[in-house]
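In what follows, a single structure is set out as structure tokens and then discussed.
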Amino acid sequence: MSDDNSEITGSDEVDGTSGFSTDFESADLGDDESNQGLFDDLLSGEPIFENKEVLRPSYTPHELPHRSDQINKMATILVAALRGETPSNILIYGKTGTGKTASAKFVSKELESTSQKYSVPCDVEYINCEVTDTQYRVLAQLANKFIEKNEARIDDRVATLESLLDDIDEYDADAARRSADATAPGEGADDRTASDPFDFVSSADAEPDADGSSGDETGAQSGGSAVETGGSPDGSTGASDSSSSPSETGRGDAGGTGHDEATTDSSALPPNHPLESTAFETRAEVEDRIAELEDDKESFEEVPMTGWPTDRVYSVFFDAVDYDERVVVIMLDEIDKLVEKSGDDTLYNLSRMNSELENSRVSIIGISNDLKFTDFLDPRVKSSLGEEEIVFPPYDANQLRDILKHRSEVAFKGNALSEDVIPLCAAFAAQEHGDARRALDLLRTAGELAERSQAETIVEEHVRQAQDKIELDRVVEVVRTLPTQSKLVLFAIILLEKNGVHSINTGEVFNIYKRLCEEIDADVLTQRRVTDLISELDMLGIVNAVVVSKGRYGRTKEISLSVPLEETEAVLLSDSRLSDIDDVQPFVQARFEN
């Protein structure tokens with residue numbers, strides 16, 4: 001064997017758990033500065049983070065400080081699912097960052113793990129209605145998730161039944177071998193004693209009695225054995241199979257085998273026969289059940305994300321949910337966005353499903369930032385949906401401090417935070433209506449800024465820089481994604497402010513907006529529509545628009561910019577259409593034109 005392998009050292013070795021080794025300290029970069037790559041300087045610093053993911057909103061912690069009351073209330077409602085009952089529907093209210101989604105996910109995870117512990121079928125499905133915001137998409141996504149679950153369960157059942165067939169084959173082979181040994185040359189079959197453990201083994205040549213059995217023998221060969229017990233249809237003991245059908249119960253003419261009930265005497269089975277603890281009578285019934293399950297799996301049809309009539313999507317979803325006996329909890333986050341976009345038809349259908357379902361039961365958890373969204377619901381939907389309501393109040397500064405301290409112990413390496421960092425992050429977030437998400441973003445961003453500057457400790461200055469960066473990033477993202485018409489309106493306001501115009505009114509904005517549209521050959525909207533766009537910018541927090549009275553001249557909006565001017569202008573000019581505008585001065589002079 002070559003000695004080349006002896007040269008593999010340090011960073012060349014593959015770590016069996018996390019890919020390639022990241023032992024940067026032992027790497028020999030030599031003295032040549034040309035060996036220093038783009039990332040070498042960045043990697044030379046000591047990392048501050050131990051696990052950055054715990055500071056992200058998507059992380060669900062194992063413990064949620066200051067939310068035990070709300071969690072316990074949810075648990076007392078949902079415990080009905082573990083008893084096989086239908087839990088009440090729940091509506092969860094609270095402002096952004098008050099722990100609604102994290103608490104609901106925490107409880108649902110505990111519910112699913114407990115249901116597995118006690119072998120109680122219970123499924124929880126989460127839908128973010130800010131992304132999946134139409135009835136079609138919600139039903140299609142749910143239908144496909146339950147089809148996937150059903151297919152997985154069918155695969156498990158088929159595997160169990162195929163294992164049962166293997167056990168039957170092994171038992172029959174062993175029985176035949178022992179029977180052959182008992183009738184070896186020199187010994188007649190009649191020499192067997194009543195105590196012979198294989199006295200129950202049937203002969204293939206035996207004549208069957210009128211009741212279908214073979215006299216005093218039981219037909220241990222799998223095609224002729226018969227049993228009826230209370231075991232699982234899949235051949236397992238314990239909880240009964242939730243999708244049991246007549247072919248699985250072993251009652252009557254099960255599986256089309258034509259046996260009479262007289263053949264189901266379990267005492268006729270030899271000891272430890274594989275079918276003894278199942279509800280199947282014969283091998284043929286097991287094979288028939290496997291064929292049925294595979295037919296069921298073939299019959300499932302995945303719902304496309306567009307193209308089907310909504311009633312067909314609902315029908316597929318309904319059948320997928322009702323395929324098994326189980327309790328289903330559907331969690332609809334940002335449920336107000338679904339109602340705003342598609343009305344309350346989805347909620348009406350989901351809340352009325354239980355009256356039609358035969359095997360399963362459905363409960364809904366709705367999560368909303370809008371405390372008044374139910375005011376617009378149909379009274380029937382409102383009464384059935386809001387059976388239980390849980391309110392999540394905003395966190396105060398002390399509670400936010402506890403949350404940040406709890407997360408920081410996992411997120412950062414030892415002594416990475418100065419004492420004033422967590423209180424400052426908590427104070428900034430408490431001003432933002434007690435938003436824990438904002439507090440976590442601040443702490444994470446402060447850590448990233450400190451790490452980029454290769455500082456060993458996060459200090460107050462990093463938090464203040466993070467506050468400015470988060471605000472700017474939000475503005476940049478919102479402005480960048482605005483429609484072109486809204487960008488033109490905002491650009492008109494910026495041009496007026498840059499030229500020292502105070503108390504900007506709607507008419508001045510509209511006049512400059514018209515000239516900008518002509519310059520880039522865009523459609524000119526009406527002044528009323530421009531006023532609506534200004535209101536939308538106000539709602540996004542980009543401008544501040546206040547309605548003031550001008551006496552007999554009527555009312556108008558006085559508009560001012562609420563975001564950094566230069567950064568916002570740079571984002572607008574990065575748009576290829578607006579960047580074509582070279583000389584903006586004539587547009588400002590046009591603000592008083594009629």
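We name chains A, B, ... following the order of the structure tokens; residues begin at 1 in each chain, and ligands are numbered from 1 as shown.
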**OP:** Enumerate the residues of region 290-374 of chain A with a DSSP assignment of strand (DSSP E or B), computed from the backbone, and present them as a PyMOL selection string.
**Re:** chain A and resi 327-333+361-368
I need the chosen residues saved as a compact mmCIF listing (two decimals), in the first residue's frame, with C-alpha atoms.
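Output saved as selection_36.txt:
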# COMPACT_ATOMS: atom_id res chain seq x y z
CA VAL A 327 -57.59 13.62 16.16
CA VAL A 328 -56.27 16.37 13.89
CA VAL A 329 -55.18 19.81 15.14
CA ILE A 330 -54.81 22.41 12.38
CA MET A 331 -52.78 25.46 13.43
CA LEU A 332 -53.43 28.56 11.27
CA ASP A 333 -50.85 31.27 11.99
CA ARG A 361 -62.03 14.70 14.46
CA VAL A 362 -60.65 18.17 13.69
CA SER A 363 -59.74 21.05 15.99
CA ILE A 364 -58.51 24.48 14.86
CA ILE A 365 -55.99 26.78 16.53
CA GLY A 366 -56.04 30.29 15.04
CA ILE A 367 -53.22 32.76 15.79
CA SER A 368 -53.70 36.47 15.06
**OP:** Can you pull out every residue within 12 Å of Glu53 (chain A), counting only C-alpha atoms, but drop anything in the same chain fewer than 5 positions away, and send it as a ChimeraX atom specification?
**Re:** /A:58-61,407-408,410-412,440-441,444
Subject >> Sel. of helix (DSSP H, G or I) residues, region 316-417 of chain A, as a ChimeraX atom specification >> reply: /A:316-322,335-342,345-351,353-355,373-376,379-385,397-411
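Distances from A:Val530, A:Ala175, A:Val421, A:Leu565 to Leu496 (chain A) were compared using only C-alpha atoms, and the smallest one belongs to A:Leu565.
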Original post:
If we count only C-alpha atoms, what is near region 124-129 of chain A at a cut-off of 9 Å, once residues fewer than 4 positions away on the same chain are taken out, given as a list in words?
Top reply: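 Here the answer would be Lys105, Ser108, Lys109, Leu111, Glu112, Asp133, Thr134, Val138, Gln141, Leu142, Lys145, Phe146, Val327, Val328, Val329, Ile330, Met331, Leu332, Asp333, Glu334, Ile335, Asp336, Lys337 and Leu338 of chain A.
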Keeping N, CA, C and O atoms for every residue in the selection just given, could you write it to a file as a compact mmCIF listing (two decimals), in the first residue's frame?
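See result.txt below for the written result:
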# COMPACT_ATOMS: atom_id res chain seq x y z
N LYS A 105 -46.47 26.15 19.05
CA LYS A 105 -45.64 25.08 18.51
C LYS A 105 -45.08 24.20 19.63
O LYS A 105 -44.98 22.97 19.48
N SER A 108 -47.92 21.95 20.75
CA SER A 108 -48.26 20.94 19.74
C SER A 108 -47.18 19.85 19.67
O SER A 108 -47.48 18.67 19.47
N LYS A 109 -45.92 20.25 19.86
CA LYS A 109 -44.83 19.26 19.86
C LYS A 109 -44.99 18.31 21.04
O LYS A 109 -44.81 17.09 20.92
N LEU A 111 -47.81 17.63 22.52
CA LEU A 111 -49.01 16.84 22.26
C LEU A 111 -48.68 15.64 21.38
O LEU A 111 -49.11 14.50 21.65
N GLU A 112 -47.92 15.87 20.32
CA GLU A 112 -47.58 14.77 19.40
C GLU A 112 -46.70 13.73 20.09
O GLU A 112 -46.89 12.52 19.90
N ASP A 133 -52.24 32.01 1.62
CA ASP A 133 -53.27 32.96 2.00
C ASP A 133 -54.59 32.84 1.23
O ASP A 133 -55.39 33.76 1.25
N THR A 134 -54.81 31.73 0.54
CA THR A 134 -56.09 31.53 -0.14
C THR A 134 -56.68 30.19 0.29
O THR A 134 -55.96 29.30 0.75
N VAL A 138 -54.56 26.69 1.10
CA VAL A 138 -54.63 26.09 2.44
C VAL A 138 -55.11 24.66 2.34
O VAL A 138 -54.51 23.73 2.89
N GLN A 141 -52.50 22.40 0.51
CA GLN A 141 -51.34 22.09 1.35
C GLN A 141 -51.70 21.07 2.42
O GLN A 141 -50.95 20.12 2.67
N LEU A 142 -52.86 21.24 3.05
CA LEU A 142 -53.30 20.29 4.08
C LEU A 142 -53.57 18.92 3.47
O LEU A 142 -53.18 17.89 4.03
N LYS A 145 -50.33 17.14 2.75
CA LYS A 145 -49.65 16.70 3.97
C LYS A 145 -50.29 15.43 4.52
O LYS A 145 -49.59 14.50 4.95
N PHE A 146 -51.62 15.37 4.51
CA PHE A 146 -52.29 14.19 5.05
C PHE A 146 -52.16 13.00 4.10
O PHE A 146 -52.10 11.85 4.55
N VAL A 327 -57.23 12.23 15.86
CA VAL A 327 -57.59 13.62 16.16
C VAL A 327 -56.60 14.52 15.45
O VAL A 327 -55.38 14.33 15.55
N VAL A 328 -57.11 15.48 14.69
CA VAL A 328 -56.27 16.37 13.89
C VAL A 328 -56.37 17.79 14.45
O VAL A 328 -57.48 18.30 14.65
N VAL A 329 -55.23 18.42 14.71
CA VAL A 329 -55.18 19.81 15.14
C VAL A 329 -54.54 20.62 14.02
O VAL A 329 -53.40 20.37 13.64
N ILE A 330 -55.30 21.56 13.47
CA ILE A 330 -54.81 22.41 12.38
C ILE A 330 -54.50 23.80 12.95
O ILE A 330 -55.39 24.48 13.45
N MET A 331 -53.23 24.19 12.88
CA MET A 331 -52.78 25.46 13.43
C MET A 331 -52.64 26.48 12.29
O MET A 331 -51.81 26.29 11.39
N LEU A 332 -53.44 27.53 12.32
CA LEU A 332 -53.43 28.56 11.27
C LEU A 332 -52.82 29.83 11.84
O LEU A 332 -53.48 30.59 12.57
N ASP A 333 -51.54 30.06 11.54
CA ASP A 333 -50.85 31.27 11.99
C ASP A 333 -51.19 32.43 11.07
O ASP A 333 -51.38 32.25 9.87
N GLU A 334 -51.27 33.64 11.64
CA GLU A 334 -51.69 34.83 10.89
C GLU A 334 -53.05 34.57 10.22
O GLU A 334 -53.25 34.88 9.05
N ILE A 335 -53.98 34.04 10.98
CA ILE A 335 -55.28 33.65 10.42
C ILE A 335 -56.05 34.85 9.88
O ILE A 335 -56.86 34.72 8.95
N ASP A 336 -55.78 36.04 10.41
CA ASP A 336 -56.46 37.25 9.92
C ASP A 336 -56.08 37.55 8.47
O ASP A 336 -56.89 38.10 7.72
N LYS A 337 -54.85 37.17 8.05
CA LYS A 337 -54.44 37.39 6.66
C LYS A 337 -55.27 36.52 5.71
O LYS A 337 -55.62 36.94 4.61
N LEU A 338 -55.58 35.31 6.14
CA LEU A 338 -56.42 34.41 5.34
C LEU A 338 -57.82 34.97 5.18
O LEU A 338 -58.39 34.97 4.08
For His406 (chain A), please output as a PDB file with all heavy atoms, in the first residue's frame all residues within 10 Å (counting only C-alpha atoms; exclusion window: fewer than 5 positions along the same chain).
ATOM      1  N   PRO A  61     -37.838  27.132  21.665  1.00  0.00           N
ATOM      2  CA  PRO A  61     -37.040  26.737  22.837  1.00  0.00           C
ATOM      3  C   PRO A  61     -37.734  25.642  23.642  1.00  0.00           C
ATOM      4  O   PRO A  61     -38.937  25.396  23.497  1.00  0.00           O
ATOM      5  CB  PRO A  61     -36.944  28.043  23.643  1.00  0.00           C
ATOM      6  CG  PRO A  61     -38.148  28.821  23.250  1.00  0.00           C
ATOM      7  CD  PRO A  61     -38.428  28.467  21.817  1.00  0.00           C
ATOM      8  N   GLU A  63     -38.035  25.827  26.779  1.00  0.00           N
ATOM      9  CA  GLU A  63     -38.688  26.504  27.903  1.00  0.00           C
ATOM     10  C   GLU A  63     -39.039  27.914  27.459  1.00  0.00           C
ATOM     11  O   GLU A  63     -38.241  28.588  26.815  1.00  0.00           O
ATOM     12  CB  GLU A  63     -37.733  26.535  29.106  1.00  0.00           C
ATOM     13  CG  GLU A  63     -38.315  27.174  30.343  1.00  0.00           C
ATOM     14  CD  GLU A  63     -37.313  27.225  31.489  1.00  0.00           C
ATOM     15  OE1 GLU A  63     -36.280  26.531  31.405  1.00  0.00           O
ATOM     16  OE2 GLU A  63     -37.559  27.975  32.442  1.00  0.00           O
ATOM     17  N   LEU A  64     -40.245  28.361  27.799  1.00  0.00           N
ATOM     18  CA  LEU A  64     -40.706  29.697  27.410  1.00  0.00           C
ATOM     19  C   LEU A  64     -41.007  30.495  28.670  1.00  0.00           C
ATOM     20  O   LEU A  64     -42.077  30.342  29.276  1.00  0.00           O
ATOM     21  CB  LEU A  64     -41.954  29.597  26.528  1.00  0.00           C
ATOM     22  CG  LEU A  64     -41.711  29.086  25.109  1.00  0.00           C
ATOM     23  CD1 LEU A  64     -42.975  28.513  24.518  1.00  0.00           C
ATOM     24  CD2 LEU A  64     -41.173  30.200  24.226  1.00  0.00           C
ATOM     25  N   PRO A  65     -40.083  31.356  29.097  1.00  0.00           N
ATOM     26  CA  PRO A  65     -40.304  32.135  30.322  1.00  0.00           C
ATOM     27  C   PRO A  65     -41.526  33.045  30.198  1.00  0.00           C
ATOM     28  O   PRO A  65     -41.808  33.591  29.125  1.00  0.00           O
ATOM     29  CB  PRO A  65     -39.017  32.965  30.446  1.00  0.00           C
ATOM     30  CG  PRO A  65     -38.003  32.248  29.613  1.00  0.00           C
ATOM     31  CD  PRO A  65     -38.769  31.606  28.500  1.00  0.00           C
ATOM     32  N   LEU A 400     -38.467  40.629  29.085  1.00  0.00           N
ATOM     33  CA  LEU A 400     -37.586  40.525  27.923  1.00  0.00           C
ATOM     34  C   LEU A 400     -36.145  40.244  28.348  1.00  0.00           C
ATOM     35  O   LEU A 400     -35.423  39.488  27.695  1.00  0.00           O
ATOM     36  CB  LEU A 400     -37.643  41.822  27.102  1.00  0.00           C
ATOM     37  CG  LEU A 400     -38.938  42.063  26.327  1.00  0.00           C
ATOM     38  CD1 LEU A 400     -38.941  43.465  25.736  1.00  0.00           C
ATOM     39  CD2 LEU A 400     -39.096  41.032  25.223  1.00  0.00           C
ATOM     40  N   ARG A 401     -35.753  40.831  29.482  1.00  0.00           N
ATOM     41  CA  ARG A 401     -34.403  40.595  29.986  1.00  0.00           C
ATOM     42  C   ARG A 401     -34.225  39.117  30.352  1.00  0.00           C
ATOM     43  O   ARG A 401     -33.188  38.511  30.057  1.00  0.00           O
ATOM     44  CB  ARG A 401     -34.160  41.482  31.212  1.00  0.00           C
ATOM     45  CG  ARG A 401     -32.715  41.607  31.635  1.00  0.00           C
ATOM     46  CD  ARG A 401     -32.567  42.546  32.802  1.00  0.00           C
ATOM     47  NE  ARG A 401     -33.159  43.850  32.518  1.00  0.00           N
ATOM     48  CZ  ARG A 401     -33.273  44.824  33.417  1.00  0.00           C
ATOM     49  NH1 ARG A 401     -32.854  44.636  34.649  1.00  0.00           N
ATOM     50  NH2 ARG A 401     -33.811  45.977  33.081  1.00  0.00           N
ATOM     51  N   ALA A 411     -26.618  30.748  23.254  1.00  0.00           N
ATOM     52  CA  ALA A 411     -26.203  31.349  21.982  1.00  0.00           C
ATOM     53  C   ALA A 411     -24.743  31.777  21.959  1.00  0.00           C
ATOM     54  O   ALA A 411     -24.079  31.661  20.923  1.00  0.00           O
ATOM     55  CB  ALA A 411     -27.092  32.551  21.666  1.00  0.00           C
TER      56      ALA A 411
END
Original post:
Which is closer to Glu461 (chain A) than all the others in A:Ser574, A:Thr310, A:Ser418, A:Asn499, using only C-alpha atoms?
Top reply: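 Closest residue, counting only C-alpha atoms: A:Ser418.
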Original post:
So how many Å separate CA of Cys517 (chain A) and CA of Ala492 (chain A), to one decimal?
Top reply: 10.5 Å
List the neighbours of Ala416 (chain A) out to 8 Å using only C-alpha atoms; skip same-chain residues closer than 5 positions along the sequence, and give me the result as a CSV table (one decimal) with C-alpha atoms, in the first residue's frame.
chain,number,residue,atom,x,y,z
A,48,ILE,CA,-18.5,34.9,19.7
A,456,GLU,CA,-13.9,39.8,21.9
A,457,THR,CA,-16.9,41.2,23.8
A,458,ILE,CA,-20.3,42.7,22.7
Original post:
Expressed in Å to a single decimal, how great is the separation between CA of Glu536 (chain A) and CA of Gly554 (chain A)?
Top reply: 21.9 Å
**OP:** Using CA of Val316 (chain A) and CA of Asp156 (chain A) as the two end points, give the distance in Å to one decimal.
**Re:**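 CA of Val316 (chain A) sits 22.2 Å away from CA of Asp156 (chain A).
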**OP:** Give me the residues within 12 Å of Glu566 (chain A) as a PyMOL selection string, counting only C-alpha atoms and dropping any in the same chain fewer than 3 places off.
**Re:** chain A and resi 472+475-476+491+494-495+497-498+561+563+569-573
Original post:
Between A:Leu139, A:Val524, A:Val54, A:Ile390, which has the minimum distance to Asn349 (chain A) (counting only C-alpha atoms)?
Top reply: A:Leu139
Original post:
Using only C-alpha atoms, which residues sit within 10 Å of Ala426 (chain A) once same-chain residues fewer than 5 positions away are excluded, as number ranges by chain?
Top reply: A: 395-404, 421, 431-432, 434-436, 438-440, 442-443
Emit the selected residues as a PDB file, in the first residue's frame, including N, CA and C atoms.
ATOM      1  N   TYR A 395     -44.601  41.682  26.438  1.00  0.00           N
ATOM      2  CA  TYR A 395     -43.592  41.529  27.491  1.00  0.00           C
ATOM      3  C   TYR A 395     -43.165  42.906  27.994  1.00  0.00           C
ATOM      4  N   ASP A 396     -42.875  42.998  29.284  1.00  0.00           N
ATOM      5  CA  ASP A 396     -42.254  44.232  29.768  1.00  0.00           C
ATOM      6  C   ASP A 396     -40.731  44.065  29.723  1.00  0.00           C
ATOM      7  N   ALA A 397     -40.019  45.114  30.093  1.00  0.00           N
ATOM      8  CA  ALA A 397     -38.557  45.114  29.955  1.00  0.00           C
ATOM      9  C   ALA A 397     -37.923  44.010  30.801  1.00  0.00           C
ATOM     10  N   ASN A 398     -38.440  43.785  32.013  1.00  0.00           N
ATOM     11  CA  ASN A 398     -37.863  42.756  32.883  1.00  0.00           C
ATOM     12  C   ASN A 398     -38.066  41.357  32.303  1.00  0.00           C
ATOM     13  N   GLN A 399     -39.248  41.104  31.730  1.00  0.00           N
ATOM     14  CA  GLN A 399     -39.513  39.801  31.123  1.00  0.00           C
ATOM     15  C   GLN A 399     -38.630  39.580  29.898  1.00  0.00           C
ATOM     16  N   LEU A 400     -38.467  40.629  29.085  1.00  0.00           N
ATOM     17  CA  LEU A 400     -37.586  40.525  27.923  1.00  0.00           C
ATOM     18  C   LEU A 400     -36.145  40.244  28.348  1.00  0.00           C
ATOM     19  N   ARG A 401     -35.753  40.831  29.482  1.00  0.00           N
ATOM     20  CA  ARG A 401     -34.403  40.595  29.986  1.00  0.00           C
ATOM     21  C   ARG A 401     -34.225  39.117  30.352  1.00  0.00           C
ATOM     22  N   ASP A 402     -35.250  38.535  30.963  1.00  0.00           N
ATOM     23  CA  ASP A 402     -35.180  37.106  31.319  1.00  0.00           C
ATOM     24  C   ASP A 402     -35.075  36.237  30.066  1.00  0.00           C
ATOM     25  N   ILE A 403     -35.868  36.586  29.045  1.00  0.00           N
ATOM     26  CA  ILE A 403     -35.858  35.808  27.798  1.00  0.00           C
ATOM     27  C   ILE A 403     -34.485  35.881  27.139  1.00  0.00           C
ATOM     28  N   LEU A 404     -33.929  37.083  27.059  1.00  0.00           N
ATOM     29  CA  LEU A 404     -32.618  37.254  26.421  1.00  0.00           C
ATOM     30  C   LEU A 404     -31.522  36.549  27.213  1.00  0.00           C
ATOM     31  N   VAL A 421     -25.470  44.970  27.878  1.00  0.00           N
ATOM     32  CA  VAL A 421     -26.006  44.620  26.561  1.00  0.00           C
ATOM     33  C   VAL A 421     -27.451  44.125  26.646  1.00  0.00           C
ATOM     34  N   GLN A 431     -39.828  49.361  24.161  1.00  0.00           N
ATOM     35  CA  GLN A 431     -40.409  50.546  23.514  1.00  0.00           C
ATOM     36  C   GLN A 431     -41.215  50.170  22.277  1.00  0.00           C
ATOM     37  N   GLU A 432     -40.867  49.013  21.664  1.00  0.00           N
ATOM     38  CA  GLU A 432     -41.560  48.526  20.469  1.00  0.00           C
ATOM     39  C   GLU A 432     -42.689  47.561  20.867  1.00  0.00           C
ATOM     40  N   GLY A 434     -43.137  45.677  23.491  1.00  0.00           N
ATOM     41  CA  GLY A 434     -42.768  44.421  24.142  1.00  0.00           C
ATOM     42  C   GLY A 434     -42.539  43.279  23.185  1.00  0.00           C
ATOM     43  N   ASP A 435     -41.843  43.560  22.100  1.00  0.00           N
ATOM     44  CA  ASP A 435     -41.627  42.582  21.036  1.00  0.00           C
ATOM     45  C   ASP A 435     -40.365  41.764  21.326  1.00  0.00           C
ATOM     46  N   ALA A 436     -40.549  40.487  21.710  1.00  0.00           N
ATOM     47  CA  ALA A 436     -39.392  39.633  22.004  1.00  0.00           C
ATOM     48  C   ALA A 436     -38.609  39.321  20.735  1.00  0.00           C
ATOM     49  N   ARG A 438     -38.076  41.328  18.273  1.00  0.00           N
ATOM     50  CA  ARG A 438     -37.195  42.475  18.029  1.00  0.00           C
ATOM     51  C   ARG A 438     -35.989  42.427  18.971  1.00  0.00           C
ATOM     52  N   ALA A 439     -36.215  42.045  20.228  1.00  0.00           N
ATOM     53  CA  ALA A 439     -35.120  41.963  21.193  1.00  0.00           C
ATOM     54  C   ALA A 439     -34.091  40.919  20.762  1.00  0.00           C
ATOM     55  N   LEU A 440     -34.568  39.770  20.304  1.00  0.00           N
ATOM     56  CA  LEU A 440     -33.655  38.716  19.848  1.00  0.00           C
ATOM     57  C   LEU A 440     -32.889  39.137  18.600  1.00  0.00           C
ATOM     58  N   LEU A 442     -32.089  42.182  17.813  1.00  0.00           N
ATOM     59  CA  LEU A 442     -31.099  43.162  18.261  1.00  0.00           C
ATOM     60  C   LEU A 442     -29.862  42.468  18.828  1.00  0.00           C
ATOM     61  N   LEU A 443     -30.101  41.479  19.682  1.00  0.00           N
ATOM     62  CA  LEU A 443     -28.973  40.791  20.319  1.00  0.00           C
ATOM     63  C   LEU A 443     -28.159  40.019  19.286  1.00  0.00           C
TER      64      LEU A 443
END
